[in-house]
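One file, entry.pdb, is given below (PDB, C-alpha atoms).
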```pdb
ATOM      1  CA  MET A   1      12.906  -3.606  18.528
ATOM      2  CA  SER A   2      13.295  -1.779  15.229
ATOM      3  CA  ILE A   3      10.684  -1.202  12.572
ATOM      4  CA  ALA A   4      12.528  -3.626  10.300
ATOM      5  CA  SER A   5      12.357  -6.381  12.918
ATOM      6  CA  ARG A   6       8.632  -5.770  13.281
ATOM      7  CA  ASN A   7       8.198  -6.205   9.538
ATOM      8  CA  PRO A   8       9.973  -9.377   8.389
ATOM      9  CA  GLY A   9      11.509  -8.952   4.975
ATOM     10  CA  GLN A  10      11.905  -5.188   5.361
ATOM     11  CA  THR A  11      15.638  -4.641   5.470
ATOM     12  CA  GLU A  12      15.876  -0.921   4.894
ATOM     13  CA  LEU A  13      14.028   1.864   6.623
ATOM     14  CA  LYS A  14      12.406   4.364   4.288
ATOM     15  CA  GLY A  15      12.937   8.098   4.230
ATOM     16  CA  LYS A  16      15.630  10.716   4.017
ATOM     17  CA  PHE A  17      16.284  10.629   7.780
ATOM     18  CA  ALA A  18      15.962   6.896   8.500
ATOM     19  CA  PHE A  19      18.858   7.110  10.957
ATOM     20  CA  ALA A  20      16.457   8.665  13.495
ATOM     21  CA  SER A  21      14.770   5.279  13.855
ATOM     22  CA  ALA A  22      17.982   3.263  13.840
ATOM     23  CA  GLN A  23      20.478   5.064  16.089
ATOM     24  CA  PHE A  24      20.497   7.171  19.210
ATOM     25  CA  LEU A  25      20.719  10.832  18.249
ATOM     26  CA  VAL A  26      23.058  13.162  20.085
ATOM     27  CA  ARG A  27      23.197  16.930  20.203
ATOM     28  CA  GLY A  28      26.238  16.971  17.930
ATOM     29  CA  ILE A  29      24.272  15.336  15.132
ATOM     30  CA  LEU A  30      21.328  17.694  15.495
ATOM     31  CA  THR A  31      23.492  20.812  15.281
ATOM     32  CA  HIS A  32      24.103  20.002  11.600
ATOM     33  CA  TYR A  33      20.400  20.364  10.768
ATOM     34  CA  SER A  34      18.170  23.409  10.546
ATOM     35  CA  ALA A  35      15.052  23.715  12.693
ATOM     36  CA  ALA A  36      12.970  22.853   9.612
ATOM     37  CA  ASP A  37      15.016  19.710   8.981
ATOM     38  CA  ARG A  38      14.789  18.689  12.642
ATOM     39  CA  ARG A  39      11.009  18.974  12.346
ATOM     40  CA  LEU A  40      11.103  16.674   9.321
ATOM     41  CA  ILE A  41      13.429  14.229  11.081
ATOM     42  CA  ARG A  42      11.017  14.002  14.018
ATOM     43  CA  ASN A  43       7.914  13.688  11.888
ATOM     44  CA  GLU A  44       9.468  11.178   9.518
ATOM     45  CA  ILE A  45       9.555   8.755  12.441
ATOM     46  CA  PHE A  46       5.766   9.061  12.707
ATOM     47  CA  ALA A  47       5.376   8.919   8.920
ATOM     48  CA  ARG A  48       7.124   5.539   8.719
ATOM     49  CA  TYR A  49       4.291   4.144  10.854
ATOM     50  CA  GLY A  50       1.606   5.643   8.629
ATOM     51  CA  TYR A  51       0.623   8.605  10.790
ATOM     52  CA  ILE A  52      -1.990  10.855   9.173
ATOM     53  CA  PHE A  53      -0.681  14.395   9.503
ATOM     54  CA  LYS A  54      -2.946  17.302  10.343
ATOM     55  CA  SER A  55      -0.504  20.017   9.260
ATOM     56  CA  GLU A  56      -0.882  20.905   5.583
ATOM     57  CA  ASP A  57       2.841  21.291   4.983
ATOM     58  CA  LEU A  58       3.611  17.868   6.466
ATOM     59  CA  LYS A  59       0.738  16.285   4.518
ATOM     60  CA  LYS A  60       2.175  17.752   1.343
ATOM     61  CA  TYR A  61       5.790  16.814   2.112
ATOM     62  CA  PHE A  62       5.144  13.237   3.174
ATOM     63  CA  GLY A  63       2.431  12.803   0.556
ATOM     64  CA  SER A  64       5.137  13.326  -2.061
ATOM     65  CA  GLN A  65       7.186  10.419  -0.657
ATOM     66  CA  ASP A  66       6.478   7.152  -2.473
ATOM     67  CA  TRP A  67       7.005   5.088   0.691
ATOM     68  CA  TYR A  68       4.514   7.038   2.853
ATOM     69  CA  LYS A  69       1.131   5.382   3.374
ATOM     70  CA  PRO A  70      -1.148   7.419   5.691
ATOM     71  CA  GLN A  71      -3.257   5.007   7.730
ATOM     72  CA  PHE A  72      -3.474   5.950  11.407
ATOM     73  CA  ASN A  73      -4.459   8.935  13.557
ATOM     74  CA  LYS A  74      -2.282   7.693  16.405
ATOM     75  CA  VAL A  75       0.987   5.770  16.198
ATOM     76  CA  THR A  76       2.744   6.539  19.487
ATOM     77  CA  ASP A  77       2.028   3.037  20.778
ATOM     78  CA  ARG A  78       3.950   1.638  17.793
ATOM     79  CA  LEU A  79       7.151   3.641  18.363
ATOM     80  CA  THR A  80      10.267   1.954  19.687
ATOM     81  CA  ASP A  81      11.892   3.218  22.883
ATOM     82  CA  LEU A  82      14.772   4.548  20.772
ATOM     83  CA  GLU A  83      12.378   6.511  18.569
ATOM     84  CA  LYS A  84      10.621   7.956  21.618
ATOM     85  CA  LEU A  85      13.967   9.101  23.045
ATOM     86  CA  ASN A  86      15.009  10.648  19.741
ATOM     87  CA  ILE A  87      11.695  12.457  19.365
ATOM     88  CA  ARG A  88      12.073  13.886  22.865
ATOM     89  CA  LEU A  89      15.668  14.943  22.162
ATOM     90  CA  ILE A  90      14.644  16.724  18.952
ATOM     91  CA  MET A  91      11.729  18.460  20.663
ATOM     92  CA  ASP A  92      13.976  19.621  23.519
ATOM     93  CA  PHE A  93      16.806  20.736  21.221
ATOM     94  CA  LYS A  94      17.608  24.433  21.369
ATOM     95  CA  ASP A  95      19.881  26.215  18.918
ATOM     96  CA  ASP A  96      22.830  27.957  20.510
ATOM     97  CA  LYS A  97      22.521  31.705  20.144
TER
END
```
Target format structure tokens, applied to this file:
Amino acid sequence: MSIASRNPGQTELKGKFAFASAQFLVRGILTHYSAADRRLIRNEIFARYGYIFKSEDLKKYFGSQDWYKPQFNKVTDRLTDLEKLNIRLIMDFKDDK
């Protein structure tokens, strides 16, 4: 179940990296992003659910996004299975040396 299907009337996911909540990520996609961008991709998934970030840089970044509404200290129970898989893939991703 996608975020959009959980929120009737919401047809478009918010954020620069909305694809991370809508499609299965593969290594080939992730190689096109820097480590900093991969961190944002992963955390944007949490941000769409209103996660309140502890890290100052993420608070600042997502706080500047007009769609971000910090509401919850924990959102893992709200994530879809696809989002959980993508988060794990991003966390396990290693750059080739």
- Using all atoms listed in the file, which residue out of A:Phe93, A:Arg48, A:Asp57, A:Phe62 lies closest to Thr76 of chain A?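 Ranking A:Phe93, A:Arg48, A:Asp57, A:Phe62 by distance to Thr76 of chain A, first place goes to A:Arg48.
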- Task: Calculate how many Å separate atom CA of Phe53 of chain A from atom CA of Gly28 of chain A, rounding to one decimal.
- Result: 28.3 Å
- Query: Could you state the separation of atom CA of Leu85 of chain A and atom CA of Leu25 of chain A in Å, given to one decimal place?
  - Reply: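 Spanning atom CA of Leu85 of chain A to atom CA of Leu25 of chain A is a straight-line distance of 8.5 Å.
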So that I can check the surroundings of segment 68-74 of chain A, please list as a tab-separated table (two decimals) with C-alpha atoms, in the coordinates of the input every protein, DNA and RNA residue that reaches within 10 Å of it, counting only C-alpha atoms and ignoring chain neighbours fewer than 3 positions away.
```
chain	number	residue	atom	x	y	z
A	14	LYS	CA	12.41	4.36	4.29
A	15	GLY	CA	12.94	8.10	4.23
A	44	GLU	CA	9.47	11.18	9.52
A	46	PHE	CA	5.77	9.06	12.71
A	47	ALA	CA	5.38	8.92	8.92
A	48	ARG	CA	7.12	5.54	8.72
A	49	TYR	CA	4.29	4.14	10.85
A	50	GLY	CA	1.61	5.64	8.63
A	51	TYR	CA	0.62	8.60	10.79
A	52	ILE	CA	-1.99	10.86	9.17
A	53	PHE	CA	-0.68	14.40	9.50
A	54	LYS	CA	-2.95	17.30	10.34
A	59	LYS	CA	0.74	16.28	4.52
A	61	TYR	CA	5.79	16.81	2.11
A	62	PHE	CA	5.14	13.24	3.17
A	63	GLY	CA	2.43	12.80	0.56
A	64	SER	CA	5.14	13.33	-2.06
A	65	GLN	CA	7.19	10.42	-0.66
A	77	ASP	CA	2.03	3.04	20.78
A	78	ARG	CA	3.95	1.64	17.79
```
- Task: Find the spatial neighbours of Asn86 of chain A, counting all atoms listed in the file, within a cut-off of 7 Å - ignore same-chain residues fewer than 2 positions away - and output them as a list in words.
- Result: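 These residues fall inside the cut-off: Ala20, Phe24, Leu25, Leu82, Glu83, Lys84, Arg88, Leu89 and Ile90 of chain A.
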Selection to disk with C-alpha atoms, as a compact mmCIF listing (two decimals), in the frame of the given file:
```txt
# COMPACT_ATOMS: atom_id res chain seq x y z
CA ALA A 20 16.46 8.66 13.50
CA PHE A 24 20.50 7.17 19.21
CA LEU A 25 20.72 10.83 18.25
CA LEU A 82 14.77 4.55 20.77
CA GLU A 83 12.38 6.51 18.57
CA LYS A 84 10.62 7.96 21.62
CA ARG A 88 12.07 13.89 22.86
CA LEU A 89 15.67 14.94 22.16
CA ILE A 90 14.64 16.72 18.95
```
- Query: Rounded to one decimal in Å, what is the spacing between atom CA of Ala35 of chain A and atom CA of Glu12 of chain A?
  - Reply: 25.9 Å
When you get a chance, write out N, CA and C atoms for segment 8-36 of chain A, as a CSV table (one decimal), in the frame of the given file.
```
chain,number,residue,atom,x,y,z
A,8,PRO,N,9.0,-8.4,9.0
A,8,PRO,CA,10.0,-9.4,8.4
A,8,PRO,C,10.1,-9.1,6.9
A,9,GLY,N,11.3,-9.2,6.4
A,9,GLY,CA,11.5,-9.0,5.0
A,9,GLY,C,11.9,-7.5,4.7
A,10,GLN,N,11.6,-6.6,5.6
A,10,GLN,CA,11.9,-5.2,5.4
A,10,GLN,C,13.3,-5.0,5.9
A,11,THR,N,14.3,-4.7,5.0
A,11,THR,CA,15.6,-4.6,5.5
A,11,THR,C,16.1,-3.2,5.6
A,12,GLU,N,15.4,-2.3,4.9
A,12,GLU,CA,15.9,-0.9,4.9
A,12,GLU,C,14.7,0.0,5.3
A,13,LEU,N,15.0,0.9,6.2
A,13,LEU,CA,14.0,1.9,6.6
A,13,LEU,C,13.9,2.9,5.5
A,14,LYS,N,12.7,3.4,5.3
A,14,LYS,CA,12.4,4.4,4.3
A,14,LYS,C,12.6,5.8,4.8
A,15,GLY,N,12.9,6.7,3.9
A,15,GLY,CA,12.9,8.1,4.2
A,15,GLY,C,14.3,8.7,4.2
A,16,LYS,N,14.4,10.0,4.1
A,16,LYS,CA,15.6,10.7,4.0
A,16,LYS,C,16.4,10.7,5.3
A,17,PHE,N,15.7,10.6,6.5
A,17,PHE,CA,16.3,10.6,7.8
A,17,PHE,C,16.1,9.3,8.6
A,18,ALA,N,16.2,8.2,7.9
A,18,ALA,CA,16.0,6.9,8.5
A,18,ALA,C,16.8,6.6,9.7
A,19,PHE,N,18.0,7.3,9.8
A,19,PHE,CA,18.9,7.1,11.0
A,19,PHE,C,18.2,7.4,12.3
A,20,ALA,N,17.1,8.3,12.3
A,20,ALA,CA,16.5,8.7,13.5
A,20,ALA,C,15.7,7.5,14.1
A,21,SER,N,15.4,6.5,13.3
A,21,SER,CA,14.8,5.3,13.9
A,21,SER,C,15.8,4.1,14.1
A,22,ALA,N,17.0,4.4,13.8
A,22,ALA,CA,18.0,3.3,13.8
A,22,ALA,C,19.1,3.5,14.8
A,23,GLN,N,19.4,4.8,15.2
A,23,GLN,CA,20.5,5.1,16.1
A,23,GLN,C,20.1,6.2,17.1
A,24,PHE,N,20.7,6.1,18.2
A,24,PHE,CA,20.5,7.2,19.2
A,24,PHE,C,21.1,8.5,18.7
A,25,LEU,N,20.3,9.5,18.7
A,25,LEU,CA,20.7,10.8,18.2
A,25,LEU,C,21.4,11.6,19.4
A,26,VAL,N,22.4,12.3,19.1
A,26,VAL,CA,23.1,13.2,20.1
A,26,VAL,C,23.0,14.6,19.6
A,27,ARG,N,23.2,15.5,20.5
A,27,ARG,CA,23.2,16.9,20.2
A,27,ARG,C,24.1,17.3,19.0
A,28,GLY,N,25.3,16.7,19.0
A,28,GLY,CA,26.2,17.0,17.9
A,28,GLY,C,25.7,16.7,16.5
A,29,ILE,N,24.9,15.7,16.4
A,29,ILE,CA,24.3,15.3,15.1
A,29,ILE,C,23.2,16.4,14.8
A,30,LEU,N,22.4,16.8,15.7
A,30,LEU,CA,21.3,17.7,15.5
A,30,LEU,C,21.8,19.1,15.1
A,31,THR,N,23.0,19.5,15.6
A,31,THR,CA,23.5,20.8,15.3
A,31,THR,C,23.7,21.0,13.8
A,32,HIS,N,23.8,19.9,13.0
A,32,HIS,CA,24.1,20.0,11.6
A,32,HIS,C,22.8,20.2,10.8
A,33,TYR,N,21.7,20.2,11.5
A,33,TYR,CA,20.4,20.4,10.8
A,33,TYR,C,19.7,21.6,11.2
A,34,SER,N,19.0,22.2,10.3
A,34,SER,CA,18.2,23.4,10.5
A,34,SER,C,17.0,23.0,11.4
A,35,ALA,N,16.3,24.0,11.9
A,35,ALA,CA,15.1,23.7,12.7
A,35,ALA,C,14.0,23.0,11.8
A,36,ALA,N,13.9,23.5,10.6
A,36,ALA,CA,13.0,22.9,9.6
A,36,ALA,C,13.3,21.4,9.4
```
